[in-house]
Structures are given as C-alpha cells and as structure tokens.
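Everything on this sheet refers to the single structure shown next.
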Amino acid sequence: MTGPETVRRKDVRATRTGRTALRVLTVAGVPALLVISWQLYSTVSENFYVPAPGRVARAFAETWFSERLLDDVLPSLARLLAGYALAAAAGVGLGVAIGLSPRLRAAAEPVLEFFRAIPPPVLVPLIMLLAGIGDGTKVLVIASGCVWPILLNTVEGVRALDEVLSDTCRMYGVRDLSRLRHLVLPGAGPQIMAGLRQALSIGIILMVISEMFASSSGLGFTIVLFQRGFQIPEMWSGILLLGLLGYVLALLLRRLERRVLSWHHGRGVGRA
Amino acid sequence: MLEVSGLRKVYEGRRVEALREVTFQVDAGELVCVIGPSGCGKTTLLRCVAGLMPPTAGSVKVAGAAVTGPPPRMAVVFQEYGRSLFPWMTVRQNVELPLKEKKVPAVRRNELVAGSLAAVGLADVADAHPWQLSGGMQQRVAIARAVAYEPQVLLMDEPFAAVDAQTRADLEDLILVLWRDMGVTTLFVTHDIDEAVYLGQRVIVLSGSPTVVMEDLKIDLPPERDQLTTRSLSRFADLRGHLYAQIQRARGDR
C-alpha cells in the first residue's frame, strides 16, 4: 500500500522542484542572458570603454566597499531622502488644500501645469545661483522635481473622493481634522502612492544630475570623476550601483504601499 | 418629530424643478414610507430632509428645530452600501467612528457597537473589512452604524434596492424589529410598492415631476407584520393595488 503513496509523494516533490527551477530560470534568465552577451561583446570587441563584466564586478567591490560608501553613497542617499521627504510633505499638504477647495484649484491649476512642464534639471543652474553650491541646493533640486507628481496626484485623489462617503461623514459629524484623517487621506491614498512612486524615479535622476554640477561628493560626482580619469570599469560600477539603488528603493516603497494600502489591494483581489 | 412644509427645490444650473411643493409630517416613533415614480425627486427630498442640500423654498424641522445642515441626531442609510462604508476600516471601526466623533465614552461606545452588530447579526465579522462581505451584509453594517448612533430620526434612501430578493425580505424584517425595539422615527424612501405597504404605518405618494404629495395613505394592516401572512392578506392586496394605480396615474400625468 505504501508503494504508490511514496511514488506519488516523490512525484509531488519532483514537480515542486521543477516548478522552483522554472521560477528561478524565469527570474534570472534575462539578466543572465544580458551578462553573457556583455561578456561576449567585450571579448570580441576589445573596446576600451566596454570592459568585461568580471572587471566591472571587481571594480565594484573595490570601489564601493570602501570609504566611498561613507563619503559618496551615504551623502547622496541622505540628500535624496531629504529632498524626497520635503517634496512629499509639501506635495501632500498643498495637494490636499487644493483638492478640497474648488476655488483654489481653479486659480492654481494652470500655474501648476506650467511648473510641471519645466524639466527639473534646468532648475539646477538657477537654484545654484539662489542657494549656493552646498547640500541645500541639491536637496532643493530634488524636492523641486519630486513635488509635482505628488502634488498633482494628491489633488486628483482628493477631488475624486466618493460623494456618498463624503455625505456619510457629514451626516455623522465627521469633520475637520477627523475628516482629513479618516476620509481625505486614506481615500486619496492610492493616488498619493502613485505620485510617490513616480517621484522616486525623478528624485534619483535629480540626485545624480545635481551632483554632476559643482560638487565634491556623491554618486553623480564620482561617476563623472571616473569618466574623466579614464577609470572605465569604476565608472561602469557606479552606473550599476545607481541601478541597484533605484531598484531597492522602489522595492521598499512597494513594501510600504502594500502595508498602508492593504485594504485597496485586498479589495481589488476581492473583486477579481 | 419631522415636519416638511412647502419644500421646493430647483436645481439652478439645469433649471430643473425637482420638487414643487412637498408638505408632510412624521410623528415621533412613526415609520413612514415615501414612494413615487422613478425620477420624481425622492432622493432630492431625502437629501433636503437630511440637511445635505439646501431647499429653494420651504422648510424642514426636526423636533421643532429648523434643519440647515445635517442635524446632530439624525442617521442615514444610503442605497449605495458599497460607497457609504469606509473600505479602509473594519466593520467595527465603521460603526464606531460616528460615536467617537460624538465623544461617547469608550465603555458606552463598546456597548453600543457590540449591541448594534449583534442586533443585525454581524457580531462575528466585526474585524472583517466591508469589501470582504456580501452586499446584504454590507448594508447590515450601515444599518448597525445608524442604530449605534442612537438617532431621533432615521432616514433610509432605497436601502434595499441593490440586494437580492431573499436578502431583501430578511432586511425588511430586520428594520421592523429594530424600529419596534428602538421606537425611532423613520422615513423610508423606496420605489417598491410592496415594500412600502409591508413596512409602513403610512405611505406618502409623490407625484411625477414637478413633484407634490399626491396622497398620504394610512396602512391599516395589523401592527405585527410577517412576510407570509401579511403579504397574503386581502387588505394588503387592496392597498397594493390602490398604490399601483396611483403610481400609474402619477406617471401618466407627466
């Protein structure tokens, strides 16, 4: 009697292993293919500017697992987070105010659209003139780019609050701060999160760009420095690090969103 | 308890006269149903009574006080149960929020929440989120929230229009039980003639647009209502037939 049972269990285990292998292959397949073609290209071409992945990996370990982590990576991250937090506070704060007041919205909307249309990197020279070349400038540049998607998404989210829910609040005396906390912010939450997601990638771009101008530390500064010093594998490793950084930050943000908006995702699944 | 006099509502932008002249009153502890042909301004009437919308002319008074905004001791159950509950809160939090705003002490609050959830038969899903429940259960949550609020006046805007027939009968009986236990003055708007006759002590018939009160009909059925026996009374059929004819007339007038 145990024979068929064991066999079946073995089968189950086999298919499970198979499935895991398939998943690993799907996830790792494309990156592996990219690295392999990179390797092939660098062997064939002998192009000085395209070093082999192995050399870049070595440069990565040597460059970033050193005092550069403290001198360049951390300052970059700190500026990014400061600018991002500033933009989030200003964007959500202003967005709620504008979203709740039709008059304010009518007055502000064209101006907002105009400001949003200005590519944030062109503000770097201007802000540098106004605020000097210190950390403050870089934080301001990052914040000035990040604020628009957060602000505009918050306005949209607040404007689209459910009328029935709004009436319910009025009937049951839920007003002012309580209304903000229980209706406006959670109701606009999915849109605010969408804004925060867009802002994060803009923030990383601006972090790098702001460090390429008149700077003495940071990832952007270091990458330009390597390029000028013909330290090509090091330069590549910096680009790699930026990619990884953006990936990890986006992952963290998604984690946060899953927590804060669990009701939203749950409802989506429930409907499907 | 509730006095509506000369209520008129014209929507400015569209110049649509939703209500021309609506006058009626509801005594303390009464359950009155309002019916009318579709598009006759039932929801407009309810929103004016609730203080969610200012009337163009006329007045609404609750316990003698003129309504200018949502009155403090009035509760509403909306038709759109899926949109009147906070999806980011649990069932318990949904029922509790209005009590917190009313500054009901925590002990009493817990009593009221537990009591009202038990009364609608949802004690065991208090920690679920509304979207995890069926439509009928969601509407029970909205009813529990209204009950826990201990209102003087309860307004219901076609609360069962979007649930299936079986659930609907259950919810009608639930309303009758709660109403009897609480003695709360209730205005129940519906488009369903049977429902109006089954629930109401009186039925107010609205005309087609421009809307006036066409009839104020006393429902002289025995006070104990039962889905089977009440609905099979010949008097029930008479009242139903009479109201049906009235609604047809109201539609024809347009």
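By convention in this document, the chains of the structure tokens carry letters A, B, ... by their order, each chain's residues are numbered from 1, and ligands are numbered from 1 in the order they are shown.
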
**OP:** Could you please select, counting only C-alpha atoms, the residues of chain A within 12 Å of chain B and state them as a PyMOL selection string?
**Re:** chain A and resi 161-179+181-190+259-271

Subject >> Within 9 Å of Thr167 in chain B using only C-alpha atoms, minus same-chain residues under 4 positions, as a ChimeraX atom specification >> reply: /B:136-137,160,163,171-172

For the residues in the current selection, export all heavy atoms as a compact mmCIF listing (two decimals), in the first residue's frame.
# COMPACT_ATOMS: atom_id res chain seq x y z
N GLY B 136 -25.66 42.29 1.06
CA GLY B 136 -26.64 42.35 2.13
C GLY B 136 -25.98 42.58 3.48
O GLY B 136 -26.47 43.34 4.31
N MET B 137 -24.84 41.92 3.69
CA MET B 137 -24.13 42.09 4.96
C MET B 137 -23.57 43.50 5.06
O MET B 137 -23.57 44.09 6.14
CB MET B 137 -23.00 41.06 5.08
CG MET B 137 -23.51 39.66 5.38
SD MET B 137 -22.22 38.44 5.08
CE MET B 137 -21.58 38.21 6.73
N PHE B 160 -32.61 48.92 0.13
CA PHE B 160 -32.53 47.51 -0.30
C PHE B 160 -32.68 47.37 -1.81
O PHE B 160 -32.91 46.27 -2.32
CB PHE B 160 -33.61 46.68 0.41
CG PHE B 160 -33.63 46.90 1.90
CD1 PHE B 160 -34.81 46.94 2.60
CD2 PHE B 160 -32.43 47.08 2.59
CE1 PHE B 160 -34.81 47.15 3.96
CE2 PHE B 160 -32.42 47.30 3.96
CZ PHE B 160 -33.62 47.33 4.64
N VAL B 163 -30.01 44.79 -3.39
CA VAL B 163 -29.74 43.43 -2.87
C VAL B 163 -30.77 42.45 -3.45
O VAL B 163 -31.83 42.86 -3.92
CB VAL B 163 -29.76 43.38 -1.33
CG1 VAL B 163 -28.68 44.26 -0.75
CG2 VAL B 163 -31.11 43.76 -0.77
N LEU B 171 -33.86 41.73 5.35
CA LEU B 171 -33.51 43.08 5.81
C LEU B 171 -34.76 43.88 6.18
O LEU B 171 -34.74 44.66 7.14
CB LEU B 171 -32.70 43.81 4.74
CG LEU B 171 -31.27 43.29 4.54
CD1 LEU B 171 -30.61 43.97 3.35
CD2 LEU B 171 -30.43 43.52 5.80
N GLU B 172 -35.86 43.66 5.44
CA GLU B 172 -37.11 44.34 5.79
C GLU B 172 -37.56 43.96 7.19
O GLU B 172 -37.95 44.81 7.99
CB GLU B 172 -38.20 43.98 4.77
CG GLU B 172 -38.02 44.67 3.43
CD GLU B 172 -38.90 44.09 2.31
OE1 GLU B 172 -39.71 43.17 2.61
OE2 GLU B 172 -38.76 44.53 1.18

**OP:** May I have all residues of range 41-83 of chain B that DSSP, computed from the backbone, assigns to helix (DSSP H, G or I), given as a list in words?
**Re:** Lys42, Thr43, Thr44, Leu45, Leu46, Arg47, Cys48, Val49, Tyr81, Gly82 and Arg83 of chain B

If you keep N, CA and C atoms, can you produce a file of those selected residues as an mmCIF file, in the first residue's frame?
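Everything below was put into part-v7.cif:
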data_model
loop_
_atom_site.group_PDB
_atom_site.id
_atom_site.type_symbol
_atom_site.label_atom_id
_atom_site.label_comp_id
_atom_site.auth_asym_id
_atom_site.auth_seq_id
_atom_site.Cartn_x
_atom_site.Cartn_y
_atom_site.Cartn_z
ATOM 1 N N LYS B 42 -37.322 61.662 -5.231
ATOM 2 C CA LYS B 42 -37.283 61.044 -3.902
ATOM 3 C C LYS B 42 -35.948 61.312 -3.212
ATOM 4 N N THR B 43 -34.889 61.133 -3.981
ATOM 5 C CA THR B 43 -33.561 61.318 -3.378
ATOM 6 C C THR B 43 -33.320 62.789 -3.050
ATOM 7 N N THR B 44 -33.807 63.673 -3.919
ATOM 8 C CA THR B 44 -33.695 65.106 -3.632
ATOM 9 C C THR B 44 -34.404 65.435 -2.322
ATOM 10 N N LEU B 45 -35.611 64.881 -2.172
ATOM 11 C CA LEU B 45 -36.371 65.109 -0.945
ATOM 12 C C LEU B 45 -35.569 64.642 0.270
ATOM 13 N N LEU B 46 -35.031 63.448 0.175
ATOM 14 C CA LEU B 46 -34.296 62.898 1.306
ATOM 15 C C LEU B 46 -33.058 63.734 1.629
ATOM 16 N N ARG B 47 -32.376 64.182 0.589
ATOM 17 C CA ARG B 47 -31.166 64.992 0.832
ATOM 18 C C ARG B 47 -31.512 66.338 1.469
ATOM 19 N N CYS B 48 -32.672 66.886 1.092
ATOM 20 C CA CYS B 48 -33.101 68.136 1.731
ATOM 21 C C CYS B 48 -33.463 67.887 3.198
ATOM 22 N N VAL B 49 -34.171 66.782 3.438
ATOM 23 C CA VAL B 49 -34.566 66.459 4.814
ATOM 24 C C VAL B 49 -33.324 66.224 5.669
ATOM 25 N N TYR B 81 -24.563 50.925 -0.485
ATOM 26 C CA TYR B 81 -23.835 50.447 0.694
ATOM 27 C C TYR B 81 -22.335 50.338 0.424
ATOM 28 N N GLY B 82 -21.977 49.963 -0.839
ATOM 29 C CA GLY B 82 -20.568 49.792 -1.159
ATOM 30 C C GLY B 82 -19.795 51.097 -1.086
ATOM 31 N N ARG B 83 -20.506 52.221 -1.154
ATOM 32 C CA ARG B 83 -19.814 53.506 -1.160
ATOM 33 C C ARG B 83 -20.030 54.283 0.125
#

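CA of Leu152 in chain A is positioned 18.6 Å from CA of Leu140 in chain A.
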
**OP:** Please provide as a ChimeraX atom specification all residues within 9 Å of range 249-257 of chain A, with the sequence filter that same-chain residues fewer than 6 positions apart are discarded (counting only C-alpha atoms).
**Re:** /A:190,193,196-197,200-201

Subject >> Computed interatomic separation between CA of Pro55 in chain B and CA of Leu206 in chain B (Å) >> reply: 17.0 Å

Original post:
Counting only C-alpha atoms, what is within 10 Å of range 67-75 of chain A, bar same-chain residues fewer than 6 positions away, as a ChimeraX atom specification?
Top reply: /A:81,135,216-222,238,241-242,245

**OP:** Grab the CA of Gly29 in chain A to CA of Leu240 in chain A distance for me, in Å with one decimal place.
**Re:**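 It comes out at 18.4 Å.
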
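For the residues A:Gly145, A:Ser210, A:Phe48, A:Gly91, ranking by smallest atom-to-atom distance to Pro119 in chain A using only C-alpha atoms places A:Gly145 first.
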